[in-house]
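K.L.:
Here it is: the structure, laid out below.
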Amino acid sequence: MDIDEIIERIEKVIEPHRIPFREPWKVLISTVLSQRAKDETTGMVSENLFRRYPDLRSIAEAKLDDLEDILRPIGFYREKARRIREIARILLKNYGGNVPDSKELLMNLPGVGTKTANIVLSVCFDQDYIAVDTHVHRITNRLGLVKTKTPEQTEKELMNIVDRKHWKKLNSLLVEFGKNICTPLRPKCVICPLNDICPSASLSLKK
Ligand code: SF4
């Protein structure tokens with residue numbers, strides 16, 4: 001199956017997901033908040049957080065109770081409140097209030113794994129990385145592009161088979177595709193532009 005053709009077909013029906021923030025520290029913190037949370041909830045909570053705490057300094061000096069109150073609608077809010085305050089403090093202390101543009105340095109921050117680092121590097125610093133979240137992992141396995149058990153394995157396999165020119169956009173495209181068509185439960189194979197080439201298309205389509 002040709003990845004160029006797959007991307008081309010998805011692009012015809014899907015608008016890529018856009019992160020609603022431009023400043024790297026906001027992209028970083030909202031991505032940490034998004035871990036194991038729904039996009040809609042993360043968006044709402046991030047907006048509330050940045051309205052009340054409009055810069056890194058204010059987050060670094062925030063009371064933990066107050067951060068927890070704001071983050072309460074998302075999962076693991078206590079852990080995330082501690083993490084984002086720590087991230088703000090580290091960025092101020094070690095990086096002059098900037099977000100580092102290196103994967104190694106990003107992954108030294110609390111709560112930042114390879115997916116979060118890849119999103120920050122590709123969205124904020126225009127670097128070629130494939131951010132593999134649950135949508136990218138599920139869809140590329142359903143399409144038979146990879147055969148993997150974990151997002152980390154998926155990232156490695158995709159880097160071998162996907163042309164570098166597509167790396168940055170793969171996440172934003174597949175996130176929206178996964179929310180609207182190739183959904184986790186009951187994927188909408190009937191309206192999917194890939195249903196003639198996808199090995200996981202519903203059996204009813206193949207009759
Ligand atoms: S045909 Fe179905 S399973 Fe395959 S990519 Fe489309 S929605 Fe997903």
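Ligands are numbered from 1 in the order shown, chains are lettered A, B, ... in the order of the structure tokens, and residues start at 1 in each chain.
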If you count only C-alpha atoms and all ligand atoms, which residues end up within 8 Å of ligand 1, as an NGL selection string?

P.N.:
:A and (139 or 142-143 or 178 or 181-183 or 187-202)

K.L.:
Just the residues within 10 Å of A:Asp65, please, counting only C-alpha atoms, with nothing from its chain fewer than 4 positions along; format it as a ChimeraX atom specification.

P.N.:
/A:69-71,78,81-82

K.L.:
For stretch 35-145 of chain A versus stretch 7-31 of chain A, which residues have an atom no more than 7 Å away, and what is each residue's nearest atom pair and distance in Å rounded to one decimal, using only C-alpha atoms, chain-then-number order, as CSV?

P.N.:
residue,atom,partner,partner_atom,distance
A:Gln35,CA,A:Thr31,CA,6.8
A:Ser46,CA,A:Ser30,CA,5.8
A:Ile84,CA,A:Ile29,CA,6.3
A:Val99,CA,A:Trp25,CA,6.1
A:Thr116,CA,A:Thr31,CA,6.0
A:Val120,CA,A:Leu28,CA,6.0
A:Cys124,CA,A:Pro24,CA,5.7

K.L.:
Go ahead and write the residues just picked, C-alpha atoms, as an mmCIF file, in the first residue's frame.

P.N.:
data_model
loop_
_atom_site.group_PDB
_atom_site.id
_atom_site.type_symbol
_atom_site.label_atom_id
_atom_site.label_comp_id
_atom_site.auth_asym_id
_atom_site.auth_seq_id
_atom_site.Cartn_x
_atom_site.Cartn_y
_atom_site.Cartn_z
ATOM 1 C CA GLN A 35 -2.067 12.551 27.993
ATOM 2 C CA SER A 46 -5.893 24.424 28.782
ATOM 3 C CA ILE A 84 3.310 21.372 34.834
ATOM 4 C CA VAL A 99 11.372 25.539 25.612
ATOM 5 C CA THR A 116 4.970 14.864 23.708
ATOM 6 C CA VAL A 120 6.572 20.062 20.458
ATOM 7 C CA CYS A 124 6.929 24.524 17.371
#

K.L.:
Record the distance separating atom CA of A:Glu155 and atom CA of A:Asn98, expressed in Å with one decimal.

P.N.:
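About the pair atom CA of A:Glu155 and atom CA of A:Asn98: they are 26.7 Å apart.
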
K.L.:
Give me the residues within 12 Å of A:Arg72 as a list of chain:residue names, counting only C-alpha atoms and dropping any in the same chain fewer than 3 places off.

P.N.:
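The contact residues come out as A:Leu33, A:Ala37, A:Thr41, A:Thr42, A:Met44, A:Val45, A:Ser46, A:Asn48, A:Leu49, A:Leu64, A:Asp65, A:Asp66, A:Leu67, A:Glu68, A:Asp69, A:Gly75, A:Phe76, A:Tyr77, A:Arg78, A:Glu79, A:Lys80, A:Ala81.
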